[in-house]
file work_2.pdb (PDB, C-alpha atoms)
ATOM      1  CA  GLU Q 767      20.282  29.878   9.462
ATOM      2  CA  PRO Q 768      19.557  27.423  12.289
ATOM      3  CA  GLU Q 769      21.204  24.031  11.992
ATOM      4  CA  VAL Q 770      21.523  20.714  13.755
ATOM      5  CA  THR Q 771      24.861  20.221  15.458
ATOM      6  CA  GLN Q 772      26.490  16.976  16.561
ATOM      7  CA  THR Q 773      29.417  16.075  18.772
ATOM      8  CA  PRO Q 774      31.892  14.552  18.558
ATOM      9  CA  SER Q 775      32.612  14.551  14.831
ATOM     10  CA  HIS Q 776      34.611  11.341  15.203
ATOM     11  CA  GLN Q 777      34.554   8.796  18.010
ATOM     12  CA  VAL Q 778      36.839   5.813  18.244
ATOM     13  CA  THR Q 779      35.969   3.172  20.804
ATOM     14  CA  GLN Q 780      36.802  -0.398  21.633
ATOM     15  CA  MET Q 781      34.329  -3.212  21.204
ATOM     16  CA  GLY Q 782      32.158  -3.611  24.275
ATOM     17  CA  GLN Q 783      32.505  -0.012  25.400
ATOM     18  CA  GLU Q 784      29.614   2.387  25.828
ATOM     19  CA  VAL Q 785      29.380   5.486  23.667
ATOM     20  CA  ILE Q 786      27.117   8.516  23.796
ATOM     21  CA  LEU Q 787      26.570  10.566  20.679
ATOM     22  CA  ARG Q 788      25.221  14.044  21.199
ATOM     23  CA  CYS Q 789      23.020  16.277  19.112
ATOM     24  CA  VAL Q 790      21.544  19.737  19.456
ATOM     25  CA  PRO Q 791      18.450  19.887  17.221
ATOM     26  CA  ILE Q 792      17.075  23.080  15.710
ATOM     27  CA  SER Q 793      15.603  25.004  18.609
ATOM     28  CA  ASN Q 794      11.898  25.162  17.698
ATOM     29  CA  HIS Q 795      11.737  21.611  16.364
ATOM     30  CA  LEU Q 796       9.724  18.981  18.213
ATOM     31  CA  TYR Q 797      10.565  15.772  16.350
ATOM     32  CA  PHE Q 798      13.991  14.195  16.641
ATOM     33  CA  TYR Q 799      15.588  11.303  14.832
ATOM     34  CA  TRP Q 800      18.683   9.196  14.595
ATOM     35  CA  TYR Q 801      19.786   7.623  11.336
ATOM     36  CA  ARG Q 802      22.952   5.786  10.475
ATOM     37  CA  GLN Q 803      24.910   5.198   7.292
ATOM     38  CA  ILE Q 804      27.378   2.366   7.035
ATOM     39  CA  LEU Q 805      30.114   3.204   4.551
ATOM     40  CA  GLY Q 806      28.860   2.728   1.007
ATOM     41  CA  GLN Q 807      25.320   1.895   2.087
ATOM     42  CA  LYS Q 808      21.975   3.646   2.401
ATOM     43  CA  VAL Q 809      21.020   6.034   5.155
ATOM     44  CA  GLU Q 810      18.924   3.909   7.546
ATOM     45  CA  PHE Q 811      16.353   5.021  10.075
ATOM     46  CA  LEU Q 812      17.029   4.094  13.686
ATOM     47  CA  VAL Q 813      14.542   5.901  15.880
ATOM     48  CA  SER Q 814      12.157   8.820  16.126
ATOM     49  CA  PHE Q 815      11.414  10.724  19.330
ATOM     50  CA  TYR Q 816       8.572  13.065  20.159
ATOM     51  CA  ASN Q 817       7.142  14.430  23.363
ATOM     52  CA  ASN Q 818       9.859  12.781  25.429
ATOM     53  CA  GLU Q 819       9.251   9.301  24.191
ATOM     54  CA  ILE Q 820      10.176   7.027  21.326
ATOM     55  CA  SER Q 821       7.511   7.146  18.642
ATOM     56  CA  GLU Q 822       9.052   4.580  16.320
ATOM     57  CA  LYS Q 823      12.150   2.428  16.142
ATOM     58  CA  SER Q 824      13.644   0.136  13.544
ATOM     59  CA  GLU Q 825      14.816  -3.452  13.893
ATOM     60  CA  ILE Q 826      18.368  -2.128  14.208
ATOM     61  CA  PHE Q 827      17.444  -0.216  17.353
ATOM     62  CA  ASP Q 828      17.697  -3.105  19.780
ATOM     63  CA  ASP Q 829      18.224  -3.138  23.553
ATOM     64  CA  GLN Q 830      21.791  -1.940  23.125
ATOM     65  CA  PHE Q 831      20.529   1.427  21.924
ATOM     66  CA  SER Q 832      18.763   4.135  23.873
ATOM     67  CA  VAL Q 833      17.885   7.769  23.334
ATOM     68  CA  GLU Q 834      17.331  10.589  25.737
ATOM     69  CA  ARG Q 835      16.539  14.264  25.797
ATOM     70  CA  PRO Q 836      18.295  15.151  29.048
ATOM     71  CA  ASP Q 837      17.471  18.851  28.864
ATOM     72  CA  GLY Q 838      15.721  21.356  26.628
ATOM     73  CA  SER Q 839      18.401  21.394  23.962
ATOM     74  CA  ASN Q 840      20.305  18.107  23.763
ATOM     75  CA  PHE Q 841      19.295  14.780  22.250
ATOM     76  CA  THR Q 842      21.555  11.788  22.777
ATOM     77  CA  LEU Q 843      22.029   8.299  21.391
ATOM     78  CA  LYS Q 844      23.682   5.762  23.661
ATOM     79  CA  ILE Q 845      25.086   2.447  22.523
ATOM     80  CA  ARG Q 846      25.647   0.323  25.606
ATOM     81  CA  SER Q 847      28.103  -2.279  24.378
ATOM     82  CA  THR Q 848      29.471  -1.451  20.970
ATOM     83  CA  LYS Q 849      30.091  -4.069  18.313
ATOM     84  CA  LEU Q 850      32.319  -3.898  15.252
ATOM     85  CA  GLU Q 851      29.228  -3.669  13.048
ATOM     86  CA  ASP Q 852      28.129  -0.480  14.835
ATOM     87  CA  SER Q 853      30.876   1.366  12.955
ATOM     88  CA  ALA Q 854      29.028   3.914  10.819
ATOM     89  CA  MET Q 855      28.136   7.569  10.440
ATOM     90  CA  TYR Q 856      25.360   8.473  12.837
ATOM     91  CA  PHE Q 857      23.150  11.370  11.851
ATOM     92  CA  CYS Q 858      20.783  13.268  14.070
ATOM     93  CA  ALA Q 859      17.856  15.026  12.416
ATOM     94  CA  SER Q 860      14.988  17.196  13.543
ATOM     95  CA  SER Q 861      11.753  18.533  12.127
ATOM     96  CA  SER Q 862       9.016  20.920  13.118
ATOM     97  CA  ASP Q 863       5.440  20.206  14.053
ATOM     98  CA  GLY Q 864       4.152  21.654  10.782
ATOM     99  CA  GLY Q 865       6.745  19.880   8.630
ATOM    100  CA  ARG Q 866       7.477  16.492  10.126
ATOM    101  CA  TYR Q 867       8.805  15.081   6.888
ATOM    102  CA  GLU Q 868      11.130  18.021   6.219
ATOM    103  CA  GLN Q 869      13.923  16.607   8.289
ATOM    104  CA  TYR Q 870      17.120  18.568   8.728
ATOM    105  CA  PHE Q 871      20.243  16.548   9.321
ATOM    106  CA  GLY Q 872      23.331  17.279  11.328
ATOM    107  CA  PRO Q 873      26.873  16.770  10.011
ATOM    108  CA  GLY Q 874      27.125  13.341  11.624
ATOM    109  CA  THR Q 875      29.367  11.523  14.061
ATOM    110  CA  ARG Q 876      31.683   8.954  12.573
ATOM    111  CA  LEU Q 877      31.830   6.036  15.012
ATOM    112  CA  THR Q 878      34.701   3.617  14.635
ATOM    113  CA  VAL Q 879      34.611   0.468  16.768
ATOM    114  CA  THR Q 880      37.900  -1.400  16.994
TER     115      THR Q 880
ATOM    116  CA  GLN Z 795      11.943  -5.755  -4.951
ATOM    117  CA  LYS Z 796      13.693  -3.057  -2.943
ATOM    118  CA  GLU Z 797      11.466  -0.416  -1.437
ATOM    119  CA  VAL Z 798      13.385   2.481  -3.017
ATOM    120  CA  GLU Z 799      15.756   2.033  -5.925
ATOM    121  CA  GLN Z 800      18.192   4.585  -7.216
ATOM    122  CA  ASP Z 801      20.863   4.197  -9.850
ATOM    123  CA  PRO Z 802      24.140   4.776  -7.994
ATOM    124  CA  GLY Z 803      25.895   6.123 -11.080
ATOM    125  CA  PRO Z 804      28.428   7.588 -11.122
ATOM    126  CA  LEU Z 805      27.107  10.291 -13.401
ATOM    127  CA  SER Z 806      29.542  12.717 -14.999
ATOM    128  CA  VAL Z 807      28.357  15.764 -16.957
ATOM    129  CA  PRO Z 808      29.932  18.967 -18.314
ATOM    130  CA  GLU Z 809      29.225  22.276 -16.636
ATOM    131  CA  GLY Z 810      25.978  23.811 -17.853
ATOM    132  CA  ALA Z 811      24.311  20.479 -18.639
ATOM    133  CA  ILE Z 812      20.843  19.530 -17.512
ATOM    134  CA  VAL Z 813      21.029  16.673 -15.042
ATOM    135  CA  SER Z 814      18.256  14.162 -14.481
ATOM    136  CA  LEU Z 815      18.278  11.999 -11.351
ATOM    137  CA  ASN Z 816      15.642   9.376 -10.689
ATOM    138  CA  CYS Z 817      14.231   6.975  -8.140
ATOM    139  CA  THR Z 818      11.616   4.266  -8.350
ATOM    140  CA  TYR Z 819       9.734   2.811  -5.457
ATOM    141  CA  SER Z 820       7.446  -0.084  -4.716
ATOM    142  CA  ASN Z 821       5.409   1.111  -1.729
ATOM    143  CA  SER Z 822       2.280   2.854  -2.995
ATOM    144  CA  ALA Z 823       1.721   4.294   0.491
ATOM    145  CA  PHE Z 824       4.579   6.774   0.046
ATOM    146  CA  GLN Z 825       3.153  10.296  -0.078
ATOM    147  CA  TYR Z 826       6.118  12.495   0.808
ATOM    148  CA  PHE Z 827       9.146  12.703  -1.444
ATOM    149  CA  MET Z 828      12.395  14.435  -0.652
ATOM    150  CA  TRP Z 829      15.702  15.019  -2.352
ATOM    151  CA  TYR Z 830      18.852  15.459  -0.313
ATOM    152  CA  ARG Z 831      22.345  16.440  -1.387
ATOM    153  CA  GLN Z 832      25.252  14.867   0.466
ATOM    154  CA  TYR Z 833      28.836  15.970   0.113
ATOM    155  CA  SER Z 834      31.516  13.446   0.975
ATOM    156  CA  ARG Z 835      31.506  12.556   4.688
ATOM    157  CA  LYS Z 836      28.866  15.213   5.456
ATOM    158  CA  GLY Z 837      25.239  15.085   6.515
ATOM    159  CA  PRO Z 838      22.387  15.013   3.991
ATOM    160  CA  GLU Z 839      21.157  18.496   3.103
ATOM    161  CA  LEU Z 840      17.456  18.863   2.285
ATOM    162  CA  LEU Z 841      17.014  20.242  -1.237
ATOM    163  CA  MET Z 842      13.421  19.609  -2.223
ATOM    164  CA  TYR Z 843      10.262  18.397  -0.538
ATOM    165  CA  THR Z 844       7.118  17.349  -2.395
ATOM    166  CA  TYR Z 845       3.805  16.024  -1.223
ATOM    167  CA  SER Z 846       1.959  13.587  -3.486
ATOM    168  CA  SER Z 847       2.188  14.062  -7.272
ATOM    169  CA  GLY Z 848       3.243  17.015  -9.367
ATOM    170  CA  ASN Z 849       6.160  19.331  -9.923
ATOM    171  CA  LYS Z 850       8.000  21.705  -7.668
ATOM    172  CA  GLU Z 851      10.602  24.207  -8.754
ATOM    173  CA  ASP Z 852      13.238  25.979  -6.691
ATOM    174  CA  GLY Z 853      15.815  27.946  -8.612
ATOM    175  CA  ARG Z 854      17.764  25.557 -10.827
ATOM    176  CA  PHE Z 855      16.132  22.509  -9.241
ATOM    177  CA  THR Z 856      12.862  20.871 -10.271
ATOM    178  CA  ALA Z 857      11.353  17.866  -8.514
ATOM    179  CA  GLN Z 858       8.744  15.712 -10.227
ATOM    180  CA  VAL Z 859       6.608  12.968  -8.759
ATOM    181  CA  ASP Z 860       4.642  10.486 -10.844
ATOM    182  CA  LYS Z 861       2.762   8.315  -8.397
ATOM    183  CA  SER Z 862       1.069   6.286 -11.112
ATOM    184  CA  SER Z 863       4.478   5.079 -12.265
ATOM    185  CA  LYS Z 864       6.043   5.147  -8.780
ATOM    186  CA  TYR Z 865       8.807   7.301 -10.181
ATOM    187  CA  ILE Z 866      10.364  10.537  -8.954
ATOM    188  CA  SER Z 867      12.901  12.794 -10.609
ATOM    189  CA  LEU Z 868      15.171  15.700  -9.777
ATOM    190  CA  PHE Z 869      16.312  17.962 -12.595
ATOM    191  CA  ILE Z 870      19.224  20.330 -12.209
ATOM    192  CA  ARG Z 871      19.485  23.063 -14.838
ATOM    193  CA  ASP Z 872      22.717  24.850 -15.705
ATOM    194  CA  SER Z 873      24.703  22.452 -13.544
ATOM    195  CA  GLN Z 874      27.754  23.817 -11.735
ATOM    196  CA  PRO Z 875      30.895  22.117 -10.390
ATOM    197  CA  SER Z 876      29.568  22.924  -6.900
ATOM    198  CA  ASP Z 877      26.629  20.599  -7.628
ATOM    199  CA  SER Z 878      29.062  17.677  -7.547
ATOM    200  CA  ALA Z 879      27.787  15.499  -4.708
ATOM    201  CA  THR Z 880      25.727  12.418  -4.012
ATOM    202  CA  TYR Z 881      21.984  12.966  -4.402
ATOM    203  CA  LEU Z 882      19.670  10.918  -2.219
ATOM    204  CA  CYS Z 883      15.979  10.446  -2.684
ATOM    205  CA  ALA Z 884      13.894   9.787   0.411
ATOM    206  CA  MET Z 885      10.248   8.952   0.963
ATOM    207  CA  ALA Z 886       7.712   8.657   3.736
ATOM    208  CA  THR Z 887       4.195   7.423   4.193
ATOM    209  CA  GLN Z 888       1.443   9.610   5.556
ATOM    210  CA  GLY Z 889       0.204   9.390   9.113
ATOM    211  CA  GLY Z 890       1.861   7.871  12.135
ATOM    212  CA  SER Z 891       5.404   7.371  10.928
ATOM    213  CA  GLU Z 892       7.994  10.042  10.187
ATOM    214  CA  LYS Z 893      10.522   7.443   9.099
ATOM    215  CA  LEU Z 894      12.320   8.393   5.898
ATOM    216  CA  VAL Z 895      13.262   5.567   3.540
ATOM    217  CA  PHE Z 896      16.282   6.475   1.463
ATOM    218  CA  GLY Z 897      17.627   5.422  -1.885
ATOM    219  CA  LYS Z 898      21.271   4.526  -2.092
ATOM    220  CA  GLY Z 899      22.180   7.810  -3.775
ATOM    221  CA  THR Z 900      23.527   8.842  -7.176
ATOM    222  CA  LYS Z 901      27.028  10.270  -7.287
ATOM    223  CA  LEU Z 902      27.174  13.272  -9.626
ATOM    224  CA  THR Z 903      30.287  14.985 -10.926
ATOM    225  CA  VAL Z 904      29.987  18.234 -12.886
ATOM    226  CA  ASN Z 905      33.143  18.902 -14.827
ATOM    227  CA  PRO Z 906      34.270  22.509 -15.448
TER     228      PRO Z 906
END
call {"tool": "encode", "arguments": {"input": "work_2.pdb", "output": "structure tokens"}}
result
Amino acid sequence: EPEVTQTPSHQVTQMGQEVILRCVPISNHLYFYWYRQILGQKVEFLVSFYNNEISEKSEIFDDQFSVERPDGSNFTLKIRSTKLEDSAMYFCASSSDGGRYEQYFGPGTRLTVT
Amino acid sequence: QKEVEQDPGPLSVPEGAIVSLNCTYSNSAFQYFMWYRQYSRKGPELLMYTYSSGNKEDGRFTAQVDKSSKYISLFIRDSQPSDSATYLCAMATQGGSEKLVFGKGTKLTVNP
């Protein structure tokens, strides 16, 4: 069964450093998303991406964040200058054109900012 | 009032019990309702997807949506220890936005 994959599973970085989280969505999916979950809190929407551009972003997704689909398979989230409060699980998700709301999540990247 | 509310539990039941998990919401524009299962430190796994009101059944799982009451439920029949996880409800409006709004999750333990 196809699945969303994410790398790395755990990333430790120092405050102020740049990080890139990587995702390979399900191959025939056209909609891509990033969500995050701070420990003990809700899963929160960050951004949606379709047709090589951002279709929606949340208040959390400020200028420090960017997304890119550098090739036909990868989807990345970059945080330019990490803060302590960016420590969270980051989930990539994807969905198909006929089922945009049936979003399939990856296993997540645990980001720890020290 | 929070947009999506979910009792965090924890909920502990014996094996074989029927489990009822619920969410309420305030945004009447929600049309799509999902249930996800999340094991500890893993990604949410899509269990059930429902559009608008009504029931949907898949094996031991039944999802119900009551839009008049702004209330959704997930029933698990013949619960198994492997069902022990956190169950998240999620919702979306129709048209334009694919953003899912999640509840905080209910932690379920099924005891053998």
call {"tool": "residues_around", "arguments": {"input": "work_2.pdb", "residues": "range 832-841 of chain Q", "least_positions_apart": "6", "cutoff": "7 Å", "atoms": "only C-alpha atoms", "output": "ChimeraX atom specification"}}
result
/Q:788-791,818
call {"tool": "closest_residue", "arguments": {"input": "work_2.pdb", "among": "Q:Val785, Q:Tyr867, Q:Ile820, Q:Glu769", "to": "Phe824 in chain Z", "atoms": "only C-alpha atoms"}}
result
Q:Tyr867
call {"tool": "resolve_selection", "arguments": {"input": "work_2.pdb", "expression": "the PyMOL selection byres ((chain Z and resi 811) around 7)", "output": "PDB file with C-alpha atoms, keeping the file's coordinate frame"}}
result
ATOM      1  CA  VAL Z 807      28.357  15.764 -16.957  1.00  0.00           C
ATOM      2  CA  PRO Z 808      29.932  18.967 -18.314  1.00  0.00           C
ATOM      3  CA  GLU Z 809      29.225  22.276 -16.636  1.00  0.00           C
ATOM      4  CA  GLY Z 810      25.978  23.811 -17.853  1.00  0.00           C
ATOM      5  CA  ILE Z 812      20.843  19.530 -17.512  1.00  0.00           C
ATOM      6  CA  VAL Z 813      21.029  16.673 -15.042  1.00  0.00           C
ATOM      7  CA  ARG Z 871      19.485  23.063 -14.838  1.00  0.00           C
ATOM      8  CA  ASP Z 872      22.717  24.850 -15.705  1.00  0.00           C
ATOM      9  CA  SER Z 873      24.703  22.452 -13.544  1.00  0.00           C
TER      10      SER Z 873
END
call {"tool": "closest_atom_pairs", "arguments": {"input": "work_2.pdb", "of": "chain Z", "to": "chain Q", "cutoff": "8 Å", "atoms": "only C-alpha atoms", "output": "CSV"}}
result
residue,atom,partner,partner_atom,distance
Z:Tyr826,CA,Q:Tyr867,CA,7.1
Z:Met828,CA,Q:Glu868,CA,7.9
Z:Lys836,CA,Q:Pro873,CA,5.2
Z:Gly837,CA,Q:Pro873,CA,4.2
Z:Pro838,CA,Q:Phe871,CA,5.9
Z:Glu839,CA,Q:Phe871,CA,6.6
Z:Leu840,CA,Q:Tyr870,CA,6.5
Z:Tyr843,CA,Q:Glu868,CA,6.8
Z:Ala886,CA,Q:Tyr867,CA,7.2
Z:Ser891,CA,Q:Glu822,CA,7.1
Z:Glu892,CA,Q:Tyr867,CA,6.1
Z:Lys893,CA,Q:Phe811,CA,6.4
Z:Leu894,CA,Q:Phe811,CA,6.7
Z:Val895,CA,Q:Glu810,CA,7.1
Z:Phe896,CA,Q:Val809,CA,6.0
Z:Gly897,CA,Q:Lys808,CA,6.4
Z:Lys898,CA,Q:Lys808,CA,4.6
Z:Gly899,CA,Q:Lys808,CA,7.5
call {"tool": "resolve_selection", "arguments": {"input": "work_2.pdb", "expression": "the PyMOL selection byres ((chain Z and resi 851-863) around 10)", "output": "PyMOL selection string"}}
result
chain Z and resi 812-820+822-829+841-850+864-873
call {"tool": "atom_distance", "arguments": {"input": "work_2.pdb", "atom1": "CA of Ala884 in chain Z", "atom2": "CA of Tyr830 in chain Z"}}
result
7.6 Å
call {"tool": "atom_distance", "arguments": {"input": "work_2.pdb", "atom1": "CA of Leu787 in chain Q", "atom2": "CA of Glu825 in chain Q"}}
result
19.5 Å
call {"tool": "residues_around", "arguments": {"input": "work_2.pdb", "residues": "Asp801 in chain Z", "least_positions_apart": "2", "cutoff": "7 Å", "atoms": "only C-alpha atoms", "output": "PyMOL selection string"}}
result
chain Z and resi 799+803+900
call {"tool": "closest_residue", "arguments": {"input": "work_2.pdb", "among": "Z:Ser878, Z:Tyr833, Z:Cys883, Z:Leu902", "to": "Glu797 in chain Z", "atoms": "only C-alpha atoms"}}
result
Z:Cys883
